[in-house]
Amino acid sequence: MARSNRERWLVVAIPYLWLAALFLVPFFIVFKISLSQDVTAQPPYEPVFDLSGGWDVIRDALGQLNFDNYSYVLSWDNEFLMAYVSSLKIAAISTFLLLLVGYPIAYAMARAPKSIRPTLLMLVILPFWTSFLIRVYSWIGILSPEGLLNQFLSWLGAIDQPLELLNTDTAVYIGIVYSYLPFMILPLYSALEKMDETLLEAAADLGCPPLAAFWKITWPLSLPGVFAGCLLCFIPAVGEFVIPDLLGGSDTMMIGKSLWTEFSVNRSWTVASAVAVLLLIVLVVPIVFYQNIQQRQMEGR
Amino acid sequence: MRKGFSAFNVTALVLGFTFLYVPILLLVIYSFNASRLVTVWGGFSTEWYWKLLENDQLLDAAWVTLRVAFISASVATVLGTLAAIALTRYGRFTGRTLFSGMIYAPLVMPDVITGLSLLLLFVAVNFDRGFWTITLAHITFTMCFVCVVVQSRLVTFDRSLEEAALDLGCPPLRTFFVITLPIILPAVVSGWMLAFTLSLDDLVIASFTTGPGATTLPMRIYSQVRLGVTPEINAICTILIAIVTVVVVSASIVTKRQEIERQKAERLAAAGVME
């Protein structure tokens with residue numbers, strides 16, 4: 001028994017300590033650095049905690065921490081607040097569009113003959129395995145002024161001059177909907193597939209029109225999938241960097257892009273950390289919601 | 001009533017899959033374009049593929065990326081499987097809520113936050129940045145995906161098989177290797193593949209955690225994409241898409257076959273336990 005207890009302990013402890021060291025501890029470091037000052041040195045911030053210096057040195061360093069970076073990020077003179085608001089707006093609209101596009105596909109998959117469902121599922125998953133960067137990149141050639149979409153539309157005679165699509169918010173919406181679509185379809189599909197279809201037959205027998213039956217039966221029963229899909233898309237979309245950078249214009253503001261610029265162009269690690277901490281605070285509620293859904297799904301069976 | 005819906009269903013599927021596949025298809029087609037202008041068709045050519053072979057920078061980056069992906073996926077599979085067992089088999093243990101939180105949060109955490117926080121960790125502990133820091137970062141975020149994949153297999157798993165082995169005096173570790181692992185193997189393999197492709201694909205976390213000398217393929221592609229669309233990039237993307245498609249399709253065929261055999265084996269094992 002003693003031996004099996006030790007094995008048990010190791011099974012928990014190894015992944016636990018790994019995640020604690022490489023996922024949890026880094027957040028405390030980010031928080032600490034967000035309260036530090038930029039300096040031109042290596043590492044480019046101070047105070048640096050020198051644990052060998054003893055308690056007095058650490059206490060002095062603690063005394064140097066301050067909230068300057070936060071007042072800088074939260075000031076209306078800078079563009080960070082606008083970027084937070086605009087990221088939330090873009091993520092919310094994209095999530096709504098994803099639901100609008102993804103629901104009919106998931107619905108049709110769940111109602112397809114049982115024999116072809118695995119193939120359909122695989123067709124949805126396959127693009128998800130191909131590189132995210134490649135999928136975003138493929139839209140540049142389509143949306144650019146002399147791109148394939150404009151060529152196609154002018155060949156149809158639908159437009160006289162090319163549409164400005166690339167480097168606009170529209171392109172960002174298209175990019176997000178396109179790259180996150182599998183994340184929306186999969187949870188919706190697994191919720192819809194579990195549904196008992198005899199409920200719909202009963203409703204029809206009792207004279208309920210199909211559309212009303214959908215809103216009264218199918219939609220409420222698919223809500224867990226709707227929530228899971230929306231959170232799975234919304235949370236990462238808020239912090240999205242690649243899509244607004246490649247498809248968006250210079251006036252497309254998203255906080256992931258601001259964080260990146262602050263870090264790699266302005267080289268201010270302390271401001272980038274403050275931006276990250278505030279982004280995490282914005283996202284903590286949806287993340288906790290998502291975790292609860294995940295946990296219930298994994299353990300409720 | 002359902003007949004009325006089926007036209008709607010077919011339309012939804014056709015439009016949906018068109019949307020999902022046309023951009024990728026166009027990218028593949030234009031990688032065979034003879035013209036340097038990516039949006040004007042100039043005839044069929046494989047010129048850009050031959051050009052790739054001369055591009056040492058790109059080949060170096062591909063080699064770095066494959067090594068990172070292989071090492072990180074393998075370690076992440078071990079860690080993720082352990083985590084999945086801990087979450088599904090050990091009931092309540094101290095710090096369980098925190099543990100499951102640390103597993104599920106990275107699934108949705110924006111890459112910029114994960115990347116920045118790992119970079120700051122590596123700087124704080126004075127770890128030389130490069131190949132190994134990217135690998136460590138990739139292990140950390142991909143192990144959570146492996147854990148979820150394996151976990152969803154473990155919860156549908158007939159526990160009586162394990163319990164029977166334990167009751168008959170088989171040590172827990174042996175029970176795991178003889179009973180549990182063979183049954184969850186397809187999930188472990190697809191967890192590994194998922195970790196591998198996520199690592200292959202990652203741009204943001206690698207860009208944050210890299211140091212001088214270690215450039216991954218997505219980083220190389222990204223820096224070229226920012227300068228505009230070129231047929232060489234289309235060609236390398238096509239090769240990546242082809243590899244992934246072949247691997248995923250063949251893996252799913254293998255898994256399907258294994259699934260059938262597994263069900264057979266489980267039935268046999270159950271019959272054996274009954275005796």
# chains A, B, ... in the order shown; residues from 1 in each chain; ligands from 1
$ residues_around --residues "Gly272 in chain B" --least-positions-apart "5" --cutoff "10 Å" --atoms "only C-alpha atoms" --output "list of chain:residue names"
B:Leu161, B:Glu266, B:Arg267
$ interface_residues --of "chain A" --to "chain B" --cutoff "6 Å" --atoms "only C-alpha atoms" --output "ChimeraX atom specification"
/A:11-12,15,26-27,30,104-105,108,130-131,138,147,236,239,276,291
$ write_last_selection --atoms "all heavy atoms" --output "JSON list (two decimals), in the first residue's frame"
[["chain", "number", "residue", "atom", "x", "y", "z"],
["A", 11, "VAL", "N", 2.20, 10.61, -9.59],
["A", 11, "VAL", "CA", 1.32, 10.87, -10.74],
["A", 11, "VAL", "C", 0.71, 12.27, -10.62],
["A", 11, "VAL", "O", 0.60, 13.00, -11.61],
["A", 11, "VAL", "CB", 0.21, 9.80, -10.82],
["A", 11, "VAL", "CG1", -0.86, 10.21, -11.81],
["A", 11, "VAL", "CG2", 0.81, 8.48, -11.23],
["A", 12, "VAL", "N", 0.35, 12.65, -9.41],
["A", 12, "VAL", "CA", -0.20, 14.00, -9.23],
["A", 12, "VAL", "C", 0.91, 15.04, -9.23],
["A", 12, "VAL", "O", 0.81, 16.08, -9.88],
["A", 12, "VAL", "CB", -1.01, 14.09, -7.91],
["A", 12, "VAL", "CG1", -1.56, 15.50, -7.74],
["A", 12, "VAL", "CG2", -2.13, 13.08, -7.90],
["A", 15, "PRO", "N", 2.99, 16.42, -12.94],
["A", 15, "PRO", "CA", 2.35, 17.48, -13.75],
["A", 15, "PRO", "C", 1.99, 18.72, -12.94],
["A", 15, "PRO", "O", 2.05, 19.84, -13.45],
["A", 15, "PRO", "CB", 1.10, 16.81, -14.31],
["A", 15, "PRO", "CG", 0.88, 15.59, -13.51],
["A", 15, "PRO", "CD", 2.18, 15.19, -12.91],
["A", 26, "PRO", "N", 5.00, 32.05, -13.38],
["A", 26, "PRO", "CA", 5.21, 33.16, -14.32],
["A", 26, "PRO", "C", 4.20, 34.30, -14.17],
["A", 26, "PRO", "O", 4.55, 35.46, -14.35],
["A", 26, "PRO", "CB", 5.06, 32.48, -15.68],
["A", 26, "PRO", "CG", 5.48, 31.09, -15.45],
["A", 26, "PRO", "CD", 5.04, 30.75, -14.07],
["A", 27, "PHE", "N", 2.94, 33.98, -13.76],
["A", 27, "PHE", "CA", 1.97, 35.07, -13.60],
["A", 27, "PHE", "C", 2.38, 36.01, -12.47],
["A", 27, "PHE", "O", 2.21, 37.22, -12.56],
["A", 27, "PHE", "CB", 0.57, 34.52, -13.33],
["A", 27, "PHE", "CG", -0.06, 33.98, -14.56],
["A", 27, "PHE", "CD1", -0.60, 32.71, -14.58],
["A", 27, "PHE", "CD2", -0.09, 34.73, -15.73],
["A", 27, "PHE", "CE1", -1.16, 32.19, -15.73],
["A", 27, "PHE", "CE2", -0.65, 34.22, -16.88],
["A", 27, "PHE", "CZ", -1.18, 32.95, -16.88],
["A", 30, "VAL", "N", 5.04, 38.18, -13.84],
["A", 30, "VAL", "CA", 4.46, 39.23, -14.69],
["A", 30, "VAL", "C", 3.90, 40.34, -13.79],
["A", 30, "VAL", "O", 4.13, 41.53, -14.03],
["A", 30, "VAL", "CB", 3.34, 38.67, -15.60],
["A", 30, "VAL", "CG1", 2.62, 39.80, -16.31],
["A", 30, "VAL", "CG2", 3.90, 37.70, -16.60],
["A", 104, "PRO", "N", -25.79, 26.40, -37.92],
["A", 104, "PRO", "CA", -26.41, 25.60, -38.99],
["A", 104, "PRO", "C", -25.53, 24.43, -39.43],
["A", 104, "PRO", "O", -26.05, 23.34, -39.69],
["A", 104, "PRO", "CB", -26.57, 26.60, -40.15],
["A", 104, "PRO", "CG", -26.49, 27.93, -39.52],
["A", 104, "PRO", "CD", -25.64, 27.80, -38.31],
["A", 105, "ILE", "N", -24.21, 24.64, -39.45],
["A", 105, "ILE", "CA", -23.33, 23.55, -39.88],
["A", 105, "ILE", "C", -23.36, 22.42, -38.86],
["A", 105, "ILE", "O", -23.53, 21.25, -39.21],
["A", 105, "ILE", "CB", -21.88, 24.07, -40.07],
["A", 105, "ILE", "CG1", -21.85, 25.19, -41.12],
["A", 105, "ILE", "CG2", -20.95, 22.94, -40.49],
["A", 105, "ILE", "CD1", -20.50, 25.84, -41.29],
["A", 108, "ALA", "N", -26.70, 20.63, -39.07],
["A", 108, "ALA", "CA", -26.80, 19.75, -40.22],
["A", 108, "ALA", "C", -25.95, 18.50, -40.02],
["A", 108, "ALA", "O", -26.36, 17.40, -40.41],
["A", 108, "ALA", "CB", -26.35, 20.50, -41.48],
["A", 130, "THR", "N", -4.34, 22.03, -39.78],
["A", 130, "THR", "CA", -3.40, 22.78, -40.62],
["A", 130, "THR", "C", -3.14, 24.12, -39.97],
["A", 130, "THR", "O", -4.00, 24.70, -39.34],
["A", 130, "THR", "CB", -3.95, 23.04, -42.02],
["A", 130, "THR", "OG1", -5.30, 23.42, -41.89],
["A", 130, "THR", "CG2", -3.83, 21.85, -42.92],
["A", 131, "SER", "N", -1.94, 24.60, -40.19],
["A", 131, "SER", "CA", -1.44, 25.76, -39.48],
["A", 131, "SER", "C", -2.41, 26.94, -39.50],
["A", 131, "SER", "O", -2.95, 27.34, -40.52],
["A", 131, "SER", "CB", -0.12, 26.18, -40.09],
["A", 131, "SER", "OG", 0.22, 27.45, -39.62],
["A", 138, "SER", "N", -3.84, 32.68, -46.03],
["A", 138, "SER", "CA", -4.57, 32.42, -47.28],
["A", 138, "SER", "C", -5.58, 33.53, -47.60],
["A", 138, "SER", "O", -5.90, 33.74, -48.75],
["A", 138, "SER", "CB", -5.26, 31.06, -47.21],
["A", 138, "SER", "OG", -6.30, 31.11, -46.26],
["A", 147, "GLY", "N", -6.95, 41.13, -55.35],
["A", 147, "GLY", "CA", -7.05, 39.72, -54.94],
["A", 147, "GLY", "C", -8.16, 38.96, -55.64],
["A", 147, "GLY", "O", -8.89, 39.49, -56.48],
["A", 236, "PRO", "N", -9.89, 33.50, -26.41],
["A", 236, "PRO", "CA", -8.65, 33.73, -27.16],
["A", 236, "PRO", "C", -8.77, 34.87, -28.17],
["A", 236, "PRO", "O", -7.78, 35.54, -28.46],
["A", 236, "PRO", "CB", -8.40, 32.40, -27.89],
["A", 236, "PRO", "CG", -9.38, 31.44, -27.39],
["A", 236, "PRO", "CD", -10.45, 32.17, -26.67],
["A", 239, "GLY", "N", -7.58, 38.30, -27.02],
["A", 239, "GLY", "CA", -6.13, 38.54, -26.99],
["A", 239, "GLY", "C", -5.46, 38.25, -28.31],
["A", 239, "GLY", "O", -4.24, 38.15, -28.37],
["A", 276, "ALA", "N", -0.73, 42.93, -19.79],
["A", 276, "ALA", "CA", -1.09, 41.52, -19.66],
["A", 276, "ALA", "C", -1.91, 41.28, -18.40],
["A", 276, "ALA", "O", -2.90, 40.55, -18.43],
["A", 276, "ALA", "CB", 0.17, 40.65, -19.65],
["A", 291, "GLN", "N", -13.96, 27.07, -17.32],
["A", 291, "GLN", "CA", -13.43, 25.95, -16.54],
["A", 291, "GLN", "C", -14.55, 25.15, -15.90],
["A", 291, "GLN", "O", -14.52, 23.92, -15.87],
["A", 291, "GLN", "CB", -12.51, 26.47, -15.44],
["A", 291, "GLN", "CG", -11.17, 26.88, -15.98],
["A", 291, "GLN", "CD", -10.30, 27.46, -14.91],
["A", 291, "GLN", "OE1", -10.77, 27.81, -13.84],
["A", 291, "GLN", "NE2", -9.03, 27.55, -15.19]]
$ residues_around --residues "Leu74 in chain A" --least-positions-apart "6" --cutoff "12 Å" --atoms "only C-alpha atoms" --output "number ranges by chain"
A: 67-68, 80-85, 271, 274-275, 278-279
$ residues_around --residues "range 87-97 of chain A" --least-positions-apart "3" --cutoff "6 Å" --atoms "only C-alpha atoms" --output "PyMOL selection string"
chain A and resi 83-84+100+173+230+234+237-238+254
$ write_last_selection --atoms "all heavy atoms" --output "PDB file, in the first residue's frame"
ATOM      1  N   ALA A  83      -8.048  50.200 -26.872  1.00  0.00           N
ATOM      2  CA  ALA A  83      -7.717  48.879 -27.429  1.00  0.00           C
ATOM      3  C   ALA A  83      -8.438  47.772 -26.674  1.00  0.00           C
ATOM      4  O   ALA A  83      -8.920  46.820 -27.287  1.00  0.00           O
ATOM      5  CB  ALA A  83      -6.208  48.656 -27.395  1.00  0.00           C
ATOM      6  N   TYR A  84      -8.539  47.907 -25.321  1.00  0.00           N
ATOM      7  CA  TYR A  84      -9.293  46.901 -24.561  1.00  0.00           C
ATOM      8  C   TYR A  84     -10.740  46.866 -25.026  1.00  0.00           C
ATOM      9  O   TYR A  84     -11.305  45.805 -25.312  1.00  0.00           O
ATOM     10  CB  TYR A  84      -9.261  47.201 -23.058  1.00  0.00           C
ATOM     11  CG  TYR A  84      -7.984  46.804 -22.355  1.00  0.00           C
ATOM     12  CD1 TYR A  84      -7.104  47.767 -21.886  1.00  0.00           C
ATOM     13  CD2 TYR A  84      -7.669  45.472 -22.166  1.00  0.00           C
ATOM     14  CE1 TYR A  84      -5.935  47.412 -21.246  1.00  0.00           C
ATOM     15  CE2 TYR A  84      -6.505  45.099 -21.535  1.00  0.00           C
ATOM     16  CZ  TYR A  84      -5.631  46.072 -21.076  1.00  0.00           C
ATOM     17  OH  TYR A  84      -4.480  45.721 -20.455  1.00  0.00           O
ATOM     18  N   LEU A 100     -23.613  32.247 -35.565  1.00  0.00           N
ATOM     19  CA  LEU A 100     -24.523  32.327 -36.703  1.00  0.00           C
ATOM     20  C   LEU A 100     -24.091  31.393 -37.838  1.00  0.00           C
ATOM     21  O   LEU A 100     -24.908  30.750 -38.489  1.00  0.00           O
ATOM     22  CB  LEU A 100     -24.521  33.774 -37.212  1.00  0.00           C
ATOM     23  CG  LEU A 100     -25.840  34.461 -37.471  1.00  0.00           C
ATOM     24  CD1 LEU A 100     -26.745  34.376 -36.265  1.00  0.00           C
ATOM     25  CD2 LEU A 100     -25.588  35.923 -37.842  1.00  0.00           C
ATOM     26  N   TYR A 173     -12.765  40.377 -38.894  1.00  0.00           N
ATOM     27  CA  TYR A 173     -13.919  39.518 -38.587  1.00  0.00           C
ATOM     28  C   TYR A 173     -13.872  38.240 -39.418  1.00  0.00           C
ATOM     29  O   TYR A 173     -14.063  37.137 -38.907  1.00  0.00           O
ATOM     30  CB  TYR A 173     -15.241  40.251 -38.858  1.00  0.00           C
ATOM     31  CG  TYR A 173     -15.518  41.367 -37.883  1.00  0.00           C
ATOM     32  CD1 TYR A 173     -15.813  42.651 -38.315  1.00  0.00           C
ATOM     33  CD2 TYR A 173     -15.481  41.127 -36.520  1.00  0.00           C
ATOM     34  CE1 TYR A 173     -16.058  43.677 -37.420  1.00  0.00           C
ATOM     35  CE2 TYR A 173     -15.719  42.132 -35.611  1.00  0.00           C
ATOM     36  CZ  TYR A 173     -16.006  43.411 -36.065  1.00  0.00           C
ATOM     37  OH  TYR A 173     -16.240  44.402 -35.172  1.00  0.00           O
ATOM     38  N   CYS A 230     -18.974  29.461 -27.494  1.00  0.00           N
ATOM     39  CA  CYS A 230     -18.778  30.910 -27.451  1.00  0.00           C
ATOM     40  C   CYS A 230     -17.564  31.275 -26.605  1.00  0.00           C
ATOM     41  O   CYS A 230     -16.761  32.118 -26.990  1.00  0.00           O
ATOM     42  CB  CYS A 230     -20.021  31.608 -26.910  1.00  0.00           C
ATOM     43  SG  CYS A 230     -21.367  31.631 -28.106  1.00  0.00           S
ATOM     44  N   PHE A 234     -14.474  33.260 -27.787  1.00  0.00           N
ATOM     45  CA  PHE A 234     -14.390  34.641 -27.311  1.00  0.00           C
ATOM     46  C   PHE A 234     -13.077  34.924 -26.574  1.00  0.00           C
ATOM     47  O   PHE A 234     -12.401  35.918 -26.853  1.00  0.00           O
ATOM     48  CB  PHE A 234     -15.585  34.940 -26.398  1.00  0.00           C
ATOM     49  CG  PHE A 234     -15.566  36.316 -25.789  1.00  0.00           C
ATOM     50  CD1 PHE A 234     -15.940  37.416 -26.540  1.00  0.00           C
ATOM     51  CD2 PHE A 234     -15.145  36.504 -24.480  1.00  0.00           C
ATOM     52  CE1 PHE A 234     -15.910  38.685 -25.988  1.00  0.00           C
ATOM     53  CE2 PHE A 234     -15.114  37.771 -23.920  1.00  0.00           C
ATOM     54  CZ  PHE A 234     -15.502  38.858 -24.685  1.00  0.00           C
ATOM     55  N   ALA A 237      -9.979  35.094 -28.703  1.00  0.00           N
ATOM     56  CA  ALA A 237     -10.147  36.158 -29.701  1.00  0.00           C
ATOM     57  C   ALA A 237      -9.842  37.531 -29.099  1.00  0.00           C
ATOM     58  O   ALA A 237      -9.307  38.402 -29.784  1.00  0.00           O
ATOM     59  CB  ALA A 237     -11.554  36.133 -30.289  1.00  0.00           C
ATOM     60  N   VAL A 238     -10.168  37.733 -27.820  1.00  0.00           N
ATOM     61  CA  VAL A 238      -9.891  39.031 -27.187  1.00  0.00           C
ATOM     62  C   VAL A 238      -8.399  39.336 -27.237  1.00  0.00           C
ATOM     63  O   VAL A 238      -7.991  40.458 -27.494  1.00  0.00           O
ATOM     64  CB  VAL A 238     -10.388  39.045 -25.720  1.00  0.00           C
ATOM     65  CG1 VAL A 238      -9.971  40.328 -25.026  1.00  0.00           C
ATOM     66  CG2 VAL A 238     -11.887  38.907 -25.666  1.00  0.00           C
ATOM     67  N   MET A 254      -6.354  46.228 -31.259  1.00  0.00           N
ATOM     68  CA  MET A 254      -6.629  45.072 -30.412  1.00  0.00           C
ATOM     69  C   MET A 254      -5.509  44.977 -29.395  1.00  0.00           C
ATOM     70  O   MET A 254      -4.356  45.275 -29.689  1.00  0.00           O
ATOM     71  CB  MET A 254      -6.743  43.791 -31.231  1.00  0.00           C
ATOM     72  CG  MET A 254      -8.063  43.728 -31.989  1.00  0.00           C
ATOM     73  SD  MET A 254      -8.484  42.090 -32.584  1.00  0.00           S
ATOM     74  CE  MET A 254      -9.142  41.289 -31.140  1.00  0.00           C
TER      75      MET A 254
END
$ closest_residue --among "A:Ser222, A:Glu146, A:Asp245, A:Pro118" --to "Ser223 in chain B" --atoms "only C-alpha atoms"
A:Asp245
$ select_by_dssp --residues "range 68-177 of chain B" --states "helix (DSSP H, G or I)" --output "ChimeraX atom specification"
/B:68-89,96-108,111-124,131-154,159-167,172-177
$ residues_around --residues "range 178-186 of chain A" --least-positions-apart "3" --cutoff "7 Å" --atoms "only C-alpha atoms" --output "list in words"
Leu98, Leu99, Gly102, Tyr103, Ala106, Val124, Ile125, Phe128, Phe132, Arg135, Ile174, Gly175, Tyr189, Ser190, Gly229, Cys230, Leu232 and Cys233 of chain A; Leu20 of chain B
$ residues_around --residues "Val172 in chain A" --least-positions-apart "6" --cutoff "9 Å" --atoms "only C-alpha atoms" --output "ChimeraX atom specification"
/A:90,94,166,243-249,252
$ residues_around --residues "range 58-70 of chain B" --least-positions-apart "2" --cutoff "6 Å" --atoms "only C-alpha atoms" --output "MDAnalysis selection string"
chainID B and resid 55:56 72:73 135 196 199:200 215:217
$ closest_residue --among "B:Ala251, B:Ile134, B:Val246, B:Leu37" --to "Leu148 in chain A" --atoms "only C-alpha atoms"
B:Leu37
